[in-house]
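*Asks:* The structure is given below, and queries will be raised subsequently.
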Amino acid sequence: MSGACAIIGIGQTRHAAKRADVSMPGLVREAAKRALEDAGLEWKDIDAVVIGKAPDMFEGVVQPELFLAGALGAVGKPMFRVHTAGSVGGSTAIVASHLVSSGVHRRVLTVAYEKQSESNAMWALSQRFPFRPPIAAGAGGYFAPIIRAYMARTNAPDHIGVQVAVKDRLNALDNPYAHLKLPNITAEQVAASPMLWDPIRYLEACPSSDGACALVLSADEADCKNPAWVHATAMRSEPMLFAGRDEVSPRAGADCAKQVYADAGITPDQLDVAEIYVPFSWYEPMWLENLGLAESGWRAVDAGETQRDGRLPINPSGGVLSSNPIGASGMLRFAEAALQVRGAAGDHQIDGARLALGHAYGGGSQFFSMWIVGSERP
Amino acid sequence: MRPIHIAGFAQLDQVLRDTERDEAEMVQQVTAAALADAGLGRKDVGFTCSGSNDYVMGRAFSFTMAIDGLAAWPPIRESHVEMDGAWALYEAWVRLQHGDVDIALVYSFGKSSLGGVAESLTYSLDPYFLAPLEPGPDVLASLQARRMLDAGLATEADFARAVAQAKAAAAINGQVPDPLDHRVGTSHLPLRAEDGPVRTDGAACVVLRAGGGGPRISGIAHRIDPHQPGARDLATCPSAVLAAEAAGVDIARLDVAEFHAPYSSQVVLLSRVLGLSERTTVNPSGGALAADTPMVAGLVRIGEAAQAIRSGRARHALGHASSGPCLQHNLICALEAE
């Protein structure tokens, strides 16, 4: 990468099943204003706005950058819209960072959001088309067979998914913005919750949330009082219908991880914390392996290595399992990674975090976006 | 900025109804043609970026299957915008500035024949205050045309002249429908049905390369205006003027301008606000009046501007893309001969 890029402002909304108190412009503005205040900047200081969200059908608004231009202070400026399926929140942050690192703009505001209560994401995810395999019953229906394949391949015991579900919900109790707050959650309760898509139980699945996340990125030295520095970014995609691919551990994910570690000049064991995209609990052990963070993902989970006091804390914010405004879920991972290396994660701060990974994926486990952020200038 | 060139361009024939190809087939064919035009292969590509619209294609995640037409194995560096392919080209141009990749593949696809492009564009309006009124793109464009007439900035004869020019250009452009037989739709005066776009199916692809010759991107920029039609004087287009300034367009030396202006009145408006002179030939391809393939027409304008330079018809050209009601969002790509 050519120039430096720092994350100087981070904001997110309170996430909830239904944010009936705000419109869509109100929702994105809430996150953007917090990011600007965090950066100590005003709307006029921003050179360009990049937004991202998952399919337009989730809210029923086509190309929403058009009607959101005013709410995000973009009038007279460049306004850009990214859409890379579930990985979009991460991709959007990367596209915005490239506007800074390329030298095209000095300061960029980027916002990702979803207001799932405006429409029905399950419907948008479950459409059938002629001559295409059905993505039946939403994302859970699509990913459940892949999880079963992982369990069969690795002989993973059934309780691993339950452990992740409990860990992330307890982590969320220390995140003031998290959607789900389940203070009394237990392994027994998760195991007894209804089976939705075998092996995914109700309490092992992410919620549907309304929410937004915003970042202010800058190349300006004077802005950088307590920044997180972008050390590397990477994106990879692979085809959906290709017999040679392994959906359990997609090559696009593994290649993307290798690239981002190499570009950051680190090995994965140097990471202090990772925020990874885990919409269903089993995806934590699966991604640990795909990302090269553990040889056996489920054994690492079983040994408590991904707890906040473990070898590599995963999703101290509570992750996607606790807040899932789909289009924003990836950016929340990227933002939480940045909060950690700034030492600004509050009650879910991992002490001394200096290098963190943000990860997002989407489509049929085929689109990946990642960044590594650090407390030191690269 | 690092000099980036248009190394290759291809478009599928923009037709009224393509019943033979799905997204993956369109993408496979158009990307293969553009790479052949550039004398490059798929393995040479370092970054891929595309544009498409789920509502146009009738389903969520419509772009995910299109990747299957790219032979994306081993996995590729790739991104997507839910916008016209011209903005995908912008993202690719930014990506190439970093110096670690030299060649980018940019494509977009869209099908009007699947039905409901006008309805889809209506769903892009403010969902709380504007979309429920269902004004539609034709009605909003006619509102803009009326404002231009009332302000004395244009006459109906100017609109008619733009239509006649588009028809004459379309007649000699083998990649757009025959201009005589398919102007359908309702007139919303002062615009008549023929003042609007011919909605088509198609795909386009541009290969960008750092160095290596071909038309050079001397500047590229985009800007957005307020959304509500009442929030600006519709007889102006500040975002197009700002984008042209930021792209460093030298109007006095401009030989060809390819505007993605779906209505004749908007061709007139853009020519006027950018201060074009007699020197500049506007829309030699016929423009969006001749063929307006959703998410493709803007990228085609950049490709056609590049072709004007490659053929020697122009030394300086611009390709323009637009989005939103009444030209709300505008991108300008300035090109010059090597």
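Each chain in the structure tokens gets a letter, A, B and so on, in the order shown; residues start at 1 in every chain, and ligands are counted from 1 in the order they appear.
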Counting only C-alpha atoms, give me one row per residue of chain A with an atom at most 8 Å from an atom of chain B, showing the shortest contact pair and its distance in Å to one decimal, sorted by chain then residue number, as JSON lines.

*Replies:*
```
{"residue": "A:Met1", "atom": "CA", "partner": "B:His98", "partner_atom": "CA", "distance": 5.5}
{"residue": "A:Ser2", "atom": "CA", "partner": "B:His98", "partner_atom": "CA", "distance": 5.3}
{"residue": "A:Pro55", "atom": "CA", "partner": "B:Ala60", "partner_atom": "CA", "distance": 5.6}
{"residue": "A:Asp56", "atom": "CA", "partner": "B:Asp54", "partner_atom": "CA", "distance": 7.2}
{"residue": "A:Met57", "atom": "CA", "partner": "B:Ala60", "partner_atom": "CA", "distance": 6.4}
{"residue": "A:Gly60", "atom": "CA", "partner": "B:Tyr123", "partner_atom": "CA", "distance": 7.1}
{"residue": "A:Val61", "atom": "CA", "partner": "B:Ser124", "partner_atom": "CA", "distance": 5.4}
{"residue": "A:Val62", "atom": "CA", "partner": "B:Ser124", "partner_atom": "CA", "distance": 4.2}
{"residue": "A:Gln63", "atom": "CA", "partner": "B:Ser124", "partner_atom": "CA", "distance": 5.7}
{"residue": "A:Pro64", "atom": "CA", "partner": "B:Ser124", "partner_atom": "CA", "distance": 6.3}
{"residue": "A:Leu66", "atom": "CA", "partner": "B:His227", "partner_atom": "CA", "distance": 6.0}
{"residue": "A:Phe67", "atom": "CA", "partner": "B:Asp126", "partner_atom": "CA", "distance": 5.3}
{"residue": "A:Leu68", "atom": "CA", "partner": "B:His227", "partner_atom": "CA", "distance": 7.9}
{"residue": "A:Ala69", "atom": "CA", "partner": "B:Pro226", "partner_atom": "CA", "distance": 6.5}
{"residue": "A:Gly70", "atom": "CA", "partner": "B:Pro226", "partner_atom": "CA", "distance": 6.0}
{"residue": "A:Ala74", "atom": "CA", "partner": "B:Ile224", "partner_atom": "CA", "distance": 7.0}
{"residue": "A:Val75", "atom": "CA", "partner": "B:Asp225", "partner_atom": "CA", "distance": 5.1}
{"residue": "A:Gly76", "atom": "CA", "partner": "B:Ile224", "partner_atom": "CA", "distance": 5.4}
{"residue": "A:Lys77", "atom": "CA", "partner": "B:Arg223", "partner_atom": "CA", "distance": 4.9}
{"residue": "A:Pro78", "atom": "CA", "partner": "B:Arg223", "partner_atom": "CA", "distance": 4.3}
{"residue": "A:Met79", "atom": "CA", "partner": "B:Ile224", "partner_atom": "CA", "distance": 6.3}
{"residue": "A:Phe80", "atom": "CA", "partner": "B:Trp87", "partner_atom": "CA", "distance": 7.8}
{"residue": "A:Arg81", "atom": "CA", "partner": "B:Val81", "partner_atom": "CA", "distance": 5.9}
{"residue": "A:Val82", "atom": "CA", "partner": "B:Val81", "partner_atom": "CA", "distance": 4.5}
{"residue": "A:His83", "atom": "CA", "partner": "B:Val81", "partner_atom": "CA", "distance": 5.2}
{"residue": "A:Thr84", "atom": "CA", "partner": "B:His80", "partner_atom": "CA", "distance": 5.6}
{"residue": "A:Ala85", "atom": "CA", "partner": "B:Phe61", "partner_atom": "CA", "distance": 6.5}
{"residue": "A:Ser91", "atom": "CA", "partner": "B:Ser79", "partner_atom": "CA", "distance": 7.5}
{"residue": "A:Val95", "atom": "CA", "partner": "B:Glu91", "partner_atom": "CA", "distance": 7.5}
{"residue": "A:His98", "atom": "CA", "partner": "B:Arg95", "partner_atom": "CA", "distance": 6.7}
{"residue": "A:Leu99", "atom": "CA", "partner": "B:Val94", "partner_atom": "CA", "distance": 6.6}
{"residue": "A:Ser101", "atom": "CA", "partner": "B:His98", "partner_atom": "CA", "distance": 7.5}
{"residue": "A:Ser102", "atom": "CA", "partner": "B:Gln97", "partner_atom": "CA", "distance": 5.6}
{"residue": "A:Val104", "atom": "CA", "partner": "B:Val94", "partner_atom": "CA", "distance": 7.5}
{"residue": "A:Ala124", "atom": "CA", "partner": "B:Ala60", "partner_atom": "CA", "distance": 6.1}
{"residue": "A:Leu125", "atom": "CA", "partner": "B:Ala60", "partner_atom": "CA", "distance": 6.9}
{"residue": "A:Gln127", "atom": "CA", "partner": "B:Arg59", "partner_atom": "CA", "distance": 7.3}
{"residue": "A:Ala234", "atom": "CA", "partner": "B:Arg77", "partner_atom": "CA", "distance": 7.8}
{"residue": "A:Met235", "atom": "CA", "partner": "B:Arg77", "partner_atom": "CA", "distance": 5.5}
{"residue": "A:Arg236", "atom": "CA", "partner": "B:Arg77", "partner_atom": "CA", "distance": 4.6}
{"residue": "A:Ser237", "atom": "CA", "partner": "B:Pro75", "partner_atom": "CA", "distance": 5.3}
{"residue": "A:Glu238", "atom": "CA", "partner": "B:Pro75", "partner_atom": "CA", "distance": 4.6}
{"residue": "A:Pro239", "atom": "CA", "partner": "B:Asp68", "partner_atom": "CA", "distance": 4.9}
{"residue": "A:Met240", "atom": "CA", "partner": "B:Asp68", "partner_atom": "CA", "distance": 6.5}
{"residue": "A:Leu241", "atom": "CA", "partner": "B:Asp68", "partner_atom": "CA", "distance": 6.6}
{"residue": "A:Phe242", "atom": "CA", "partner": "B:Asp68", "partner_atom": "CA", "distance": 7.8}
{"residue": "A:Arg251", "atom": "CA", "partner": "B:Pro75", "partner_atom": "CA", "distance": 7.0}
{"residue": "A:Ala252", "atom": "CA", "partner": "B:Pro75", "partner_atom": "CA", "distance": 5.2}
{"residue": "A:Asp255", "atom": "CA", "partner": "B:Pro75", "partner_atom": "CA", "distance": 7.7}
{"residue": "A:Gly363", "atom": "CA", "partner": "B:Thr64", "partner_atom": "CA", "distance": 6.7}
```

*Asks:* Go ahead and dump the residues you just picked, C-alpha atoms, as a CSV table (one decimal), in the first residue's frame.

*Replies:*
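Below is the file that was written, again_0.csv:
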```
chain,number,residue,atom,x,y,z
A,1,MET,CA,0.0,0.0,0.0
A,2,SER,CA,1.2,3.4,-0.8
A,55,PRO,CA,-29.1,-6.3,-0.7
A,56,ASP,CA,-31.4,-3.3,-1.3
A,57,MET,CA,-34.3,-5.8,-0.9
A,60,GLY,CA,-37.0,-2.1,-0.2
A,61,VAL,CA,-35.0,1.0,-1.2
A,62,VAL,CA,-33.0,0.9,-4.5
A,63,GLN,CA,-29.6,2.5,-4.4
A,64,PRO,CA,-30.1,4.2,-1.1
A,66,LEU,CA,-29.3,8.7,-3.4
A,67,PHE,CA,-31.7,9.5,-0.7
A,68,LEU,CA,-29.1,9.3,2.1
A,69,ALA,CA,-26.8,11.9,0.5
A,70,GLY,CA,-28.3,14.8,2.6
A,74,ALA,CA,-22.5,14.3,1.1
A,75,VAL,CA,-24.1,16.9,-1.0
A,76,GLY,CA,-21.5,18.4,-3.4
A,77,LYS,CA,-19.1,15.6,-2.5
A,78,PRO,CA,-18.4,12.1,-3.9
A,79,MET,CA,-20.9,9.5,-2.5
A,80,PHE,CA,-20.1,5.8,-3.1
A,81,ARG,CA,-22.0,2.6,-2.5
A,82,VAL,CA,-20.4,-0.8,-2.0
A,83,HIS,CA,-22.3,-4.1,-2.0
A,84,THR,CA,-20.4,-7.4,-1.6
A,85,ALA,CA,-23.0,-9.5,0.2
A,91,SER,CA,-15.3,-4.3,2.0
A,95,VAL,CA,-12.8,0.8,-0.2
A,98,HIS,CA,-8.2,3.0,-0.3
A,99,LEU,CA,-9.5,6.4,-1.1
A,101,SER,CA,-4.1,5.4,1.1
A,102,SER,CA,-4.2,6.2,-2.6
A,104,VAL,CA,-7.3,10.7,-3.7
A,124,ALA,CA,-35.0,-11.7,0.4
A,125,LEU,CA,-32.6,-14.5,1.3
A,127,GLN,CA,-36.0,-16.5,-3.2
A,234,ALA,CA,-7.3,-7.8,1.6
A,235,MET,CA,-10.3,-9.0,-0.4
A,236,ARG,CA,-10.8,-12.4,-2.2
A,237,SER,CA,-13.7,-13.9,-4.1
A,238,GLU,CA,-14.4,-17.3,-5.5
A,239,PRO,CA,-17.2,-18.7,-7.7
A,240,MET,CA,-20.4,-20.1,-6.0
A,241,LEU,CA,-20.9,-23.0,-8.3
A,242,PHE,CA,-17.6,-24.7,-8.8
A,251,ARG,CA,-9.6,-21.1,-0.4
A,252,ALA,CA,-10.7,-17.5,-0.9
A,255,ASP,CA,-5.7,-16.9,0.6
A,363,GLY,CA,-22.4,-14.9,-0.3
```

*Asks:* Write out as a VMD selection string which residues come within 10 Å of A:His105 when counting only C-alpha atoms, dropping same-chain ones fewer than 2 positions away.

*Replies:* chain A and resid 46 to 48 96 to 103 107 to 108 217 to 219

*Asks:* For the residues selected in the previous step, produce a file with N, CA and C atoms as a PDB file, in the first residue's frame.

*Replies:*
```
ATOM      1  N   ILE A  46     -15.144  16.538   5.961  1.00  0.00           N
ATOM      2  CA  ILE A  46     -15.120  15.254   5.248  1.00  0.00           C
ATOM      3  C   ILE A  46     -15.078  15.488   3.735  1.00  0.00           C
ATOM      4  N   ASP A  47     -14.202  14.744   3.031  1.00  0.00           N
ATOM      5  CA  ASP A  47     -14.044  14.922   1.589  1.00  0.00           C
ATOM      6  C   ASP A  47     -14.937  13.987   0.774  1.00  0.00           C
ATOM      7  N   ALA A  48     -15.277  12.823   1.308  1.00  0.00           N
ATOM      8  CA  ALA A  48     -16.058  11.849   0.535  1.00  0.00           C
ATOM      9  C   ALA A  48     -16.746  10.898   1.500  1.00  0.00           C
ATOM     10  N   ALA A  96     -13.107   2.559   1.409  1.00  0.00           N
ATOM     11  CA  ALA A  96     -12.911   3.903   1.976  1.00  0.00           C
ATOM     12  C   ALA A  96     -11.444   4.127   2.333  1.00  0.00           C
ATOM     13  N   SER A  97     -10.805   3.114   2.906  1.00  0.00           N
ATOM     14  CA  SER A  97      -9.393   3.269   3.283  1.00  0.00           C
ATOM     15  C   SER A  97      -8.521   3.457   2.044  1.00  0.00           C
ATOM     16  N   HIS A  98      -8.932   2.836   0.943  1.00  0.00           N
ATOM     17  CA  HIS A  98      -8.152   2.986  -0.293  1.00  0.00           C
ATOM     18  C   HIS A  98      -8.256   4.406  -0.854  1.00  0.00           C
ATOM     19  N   LEU A  99      -9.384   5.052  -0.622  1.00  0.00           N
ATOM     20  CA  LEU A  99      -9.502   6.447  -1.065  1.00  0.00           C
ATOM     21  C   LEU A  99      -8.484   7.323  -0.336  1.00  0.00           C
ATOM     22  N   VAL A 100      -8.176   6.940   0.907  1.00  0.00           N
ATOM     23  CA  VAL A 100      -7.186   7.687   1.686  1.00  0.00           C
ATOM     24  C   VAL A 100      -5.772   7.246   1.331  1.00  0.00           C
ATOM     25  N   SER A 101      -5.526   5.929   1.344  1.00  0.00           N
ATOM     26  CA  SER A 101      -4.148   5.443   1.120  1.00  0.00           C
ATOM     27  C   SER A 101      -3.665   5.719  -0.299  1.00  0.00           C
ATOM     28  N   SER A 102      -4.598   5.889  -1.263  1.00  0.00           N
ATOM     29  CA  SER A 102      -4.207   6.216  -2.639  1.00  0.00           C
ATOM     30  C   SER A 102      -3.845   7.687  -2.788  1.00  0.00           C
ATOM     31  N   GLY A 103      -4.215   8.490  -1.789  1.00  0.00           N
ATOM     32  CA  GLY A 103      -3.962   9.921  -1.899  1.00  0.00           C
ATOM     33  C   GLY A 103      -5.063  10.681  -2.614  1.00  0.00           C
ATOM     34  N   ARG A 107      -9.713  12.935   3.992  1.00  0.00           N
ATOM     35  CA  ARG A 107     -10.566  12.406   5.059  1.00  0.00           C
ATOM     36  C   ARG A 107     -11.833  11.821   4.455  1.00  0.00           C
ATOM     37  N   VAL A 108     -12.143  10.626   4.853  1.00  0.00           N
ATOM     38  CA  VAL A 108     -13.304   9.920   4.302  1.00  0.00           C
ATOM     39  C   VAL A 108     -14.171   9.408   5.452  1.00  0.00           C
ATOM     40  N   LEU A 217     -11.775   8.048   8.426  1.00  0.00           N
ATOM     41  CA  LEU A 217     -10.420   7.648   8.055  1.00  0.00           C
ATOM     42  C   LEU A 217      -9.659   8.873   7.589  1.00  0.00           C
ATOM     43  N   SER A 218      -8.383   8.919   7.906  1.00  0.00           N
ATOM     44  CA  SER A 218      -7.620  10.123   7.567  1.00  0.00           C
ATOM     45  C   SER A 218      -6.168   9.807   7.257  1.00  0.00           C
ATOM     46  N   ALA A 219      -5.602  10.664   6.420  1.00  0.00           N
ATOM     47  CA  ALA A 219      -4.172  10.590   6.137  1.00  0.00           C
ATOM     48  C   ALA A 219      -3.459  11.790   6.743  1.00  0.00           C
TER      49      ALA A 219
END
```

*Asks:* Please, which residues of stretch 48-254 of chain A, numbered as in this document, come out strand (DSSP E) from DSSP, as number ranges by chain?

*Replies:* A: 48-52, 79-82, 107-115, 195-197, 200-201, 210-218, 228-237

*Asks:* Between atom CA of A:Pro157 and atom CA of A:Val301, measure the distance and give it in Å to one decimal.

*Replies:* 11.2 Å

*Asks:* Residues within 9 Å of A:Lys258, please, as a VMD selection string. Count only C-alpha atoms; anything in the same chain fewer than 4 positions from it doesn't count.

*Replies:* chain A and resid 253 to 254 262 to 263 267 to 268 291 to 292

*Asks:* Extract, using only C-alpha atoms, all DNA, RNA and protein residues at most 6 Å from stretch 164-177 of chain B, discarding same-chain residues fewer than 6 positions from it, and format them as an MDAnalysis selection string.

*Replies:* chainID B and resid 13:15 284:286 290:291

*Asks:* List as a VMD selection string the protein and nucleic acid residues near A:Ala205, meaning an atom at most 10 Å away when only C-alpha atoms are counted, but skip any in the same chain fewer than 5 places from it.

*Replies:* chain A and resid 140 161 165 196 to 197 200 278 to 282 320 to 322

*Asks:* Could you write out that same residue set with N, CA and C atoms as a PDB file, in the first residue's frame?

*Replies:*
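In the end it all went to result14.pdb:
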```pdb
ATOM      1  N   GLY A 140     -29.368 -19.601   7.367  1.00  0.00           N
ATOM      2  CA  GLY A 140     -29.196 -20.794   8.200  1.00  0.00           C
ATOM      3  C   GLY A 140     -29.375 -22.066   7.393  1.00  0.00           C
ATOM      4  N   GLY A 161     -20.464 -25.685  19.531  1.00  0.00           N
ATOM      5  CA  GLY A 161     -21.320 -24.564  19.105  1.00  0.00           C
ATOM      6  C   GLY A 161     -21.984 -23.890  20.290  1.00  0.00           C
ATOM      7  N   ALA A 165     -21.724 -19.910  21.594  1.00  0.00           N
ATOM      8  CA  ALA A 165     -22.948 -19.110  21.778  1.00  0.00           C
ATOM      9  C   ALA A 165     -22.973 -18.468  23.158  1.00  0.00           C
ATOM     10  N   LEU A 196     -33.265 -25.056  14.767  1.00  0.00           N
ATOM     11  CA  LEU A 196     -33.806 -24.338  13.601  1.00  0.00           C
ATOM     12  C   LEU A 196     -33.417 -25.026  12.303  1.00  0.00           C
ATOM     13  N   TRP A 197     -32.088 -25.170  12.103  1.00  0.00           N
ATOM     14  CA  TRP A 197     -31.568 -25.842  10.922  1.00  0.00           C
ATOM     15  C   TRP A 197     -30.480 -26.767  11.460  1.00  0.00           C
ATOM     16  N   ILE A 200     -27.979 -26.123  13.832  1.00  0.00           N
ATOM     17  CA  ILE A 200     -28.014 -24.764  14.377  1.00  0.00           C
ATOM     18  C   ILE A 200     -29.275 -24.591  15.225  1.00  0.00           C
ATOM     19  N   VAL A 278     -19.080 -14.336  12.717  1.00  0.00           N
ATOM     20  CA  VAL A 278     -19.627 -15.622  13.175  1.00  0.00           C
ATOM     21  C   VAL A 278     -21.144 -15.478  13.328  1.00  0.00           C
ATOM     22  N   PRO A 279     -21.904 -15.706  12.240  1.00  0.00           N
ATOM     23  CA  PRO A 279     -23.354 -15.549  12.329  1.00  0.00           C
ATOM     24  C   PRO A 279     -24.030 -16.753  12.978  1.00  0.00           C
ATOM     25  N   PHE A 280     -23.366 -17.896  12.900  1.00  0.00           N
ATOM     26  CA  PHE A 280     -23.835 -19.116  13.552  1.00  0.00           C
ATOM     27  C   PHE A 280     -22.645 -19.650  14.335  1.00  0.00           C
ATOM     28  N   SER A 281     -22.886 -20.096  15.579  1.00  0.00           N
ATOM     29  CA  SER A 281     -21.796 -20.323  16.522  1.00  0.00           C
ATOM     30  C   SER A 281     -20.671 -21.194  15.957  1.00  0.00           C
ATOM     31  N   TRP A 282     -21.044 -22.197  15.149  1.00  0.00           N
ATOM     32  CA  TRP A 282     -20.023 -23.109  14.633  1.00  0.00           C
ATOM     33  C   TRP A 282     -19.005 -22.430  13.732  1.00  0.00           C
ATOM     34  N   VAL A 320     -21.254 -11.046  15.873  1.00  0.00           N
ATOM     35  CA  VAL A 320     -22.487 -11.076  15.079  1.00  0.00           C
ATOM     36  C   VAL A 320     -23.577 -11.839  15.827  1.00  0.00           C
ATOM     37  N   LEU A 321     -23.186 -12.765  16.687  1.00  0.00           N
ATOM     38  CA  LEU A 321     -24.178 -13.530  17.451  1.00  0.00           C
ATOM     39  C   LEU A 321     -24.974 -12.639  18.405  1.00  0.00           C
ATOM     40  N   SER A 322     -24.434 -11.443  18.707  1.00  0.00           N
ATOM     41  CA  SER A 322     -25.126 -10.549  19.640  1.00  0.00           C
ATOM     42  C   SER A 322     -25.737  -9.323  18.976  1.00  0.00           C
TER      43      SER A 322
END
```

*Asks:* Fewer than 5 positions away in the same chain doesn't count, so skip those; otherwise give me all residues within 8 Å of B:Ile302, counting only C-alpha atoms, as a PDB file with C-alpha atoms, in the first residue's frame.

*Replies:*
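Saved result, around_11.pdb, follows:
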```pdb
ATOM      1  CA  ALA B  86     -18.742   3.573 -14.270  1.00  0.00           C
ATOM      2  CA  GLU B 258     -20.571  10.897 -24.210  1.00  0.00           C
ATOM      3  CA  LEU B 318     -15.206  12.558 -21.739  1.00  0.00           C
ATOM      4  CA  GLY B 319     -17.435   9.728 -20.611  1.00  0.00           C
ATOM      5  CA  HIS B 320     -20.218  10.588 -18.173  1.00  0.00           C
ATOM      6  CA  CYS B 333     -14.082  10.473 -16.736  1.00  0.00           C
TER       7      CYS B 333
END
```

*Asks:* Report as number ranges by chain all protein, DNA and RNA residues lying within 12 Å of B:Gly213, evaluated on only C-alpha atoms, omitting residues in the same chain fewer than 5 positions from it.

*Replies:* B: 3-8, 38, 208, 306, 309-310, 336-338

*Asks:* How many Å separate atom CA of A:Gln270 from atom CA of A:Ala338?

*Replies:*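 Taking atom CA of A:Gln270 and atom CA of A:Ala338, their separation equals 15.8 Å.
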
*Asks:* Atom CA of A:Leu312 and atom CA of A:Arg333, how far apart in Å?

*Replies:*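 About the pair atom CA of A:Arg333 and atom CA of A:Leu312: they are 15.3 Å apart.
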
*Asks:* Using only C-alpha atoms, find the one residue out of B:Leu254, B:Met295, B:Arg209, B:Leu234 that sits nearest to B:Asp44.

*Replies:*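 With only C-alpha atoms as the atom set, the closest residue is B:Arg209.
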
*Asks:* List every residue of stretch 86-327 of chain B that DSSP, applied to the backbone of this structure, places in alpha helix (DSSP H), and write the result as JSON, numbers by chain.

*Replies:* {"B": [86, 87, 88, 89, 90, 91, 92, 93, 94, 95, 96, 117, 118, 119, 120, 121, 122, 136, 137, 138, 139, 140, 141, 142, 143, 144, 145, 146, 147, 148, 149, 150, 156, 157, 158, 159, 160, 161, 162, 163, 164, 165, 166, 167, 168, 169, 170, 171, 238, 239, 240, 241, 242, 243, 244, 245, 246, 264, 265, 266, 267, 268, 269, 270, 271, 272, 273, 287, 288, 289, 290, 297, 298, 299, 300, 301, 302, 303, 304, 305, 306, 307, 308, 309, 310]}
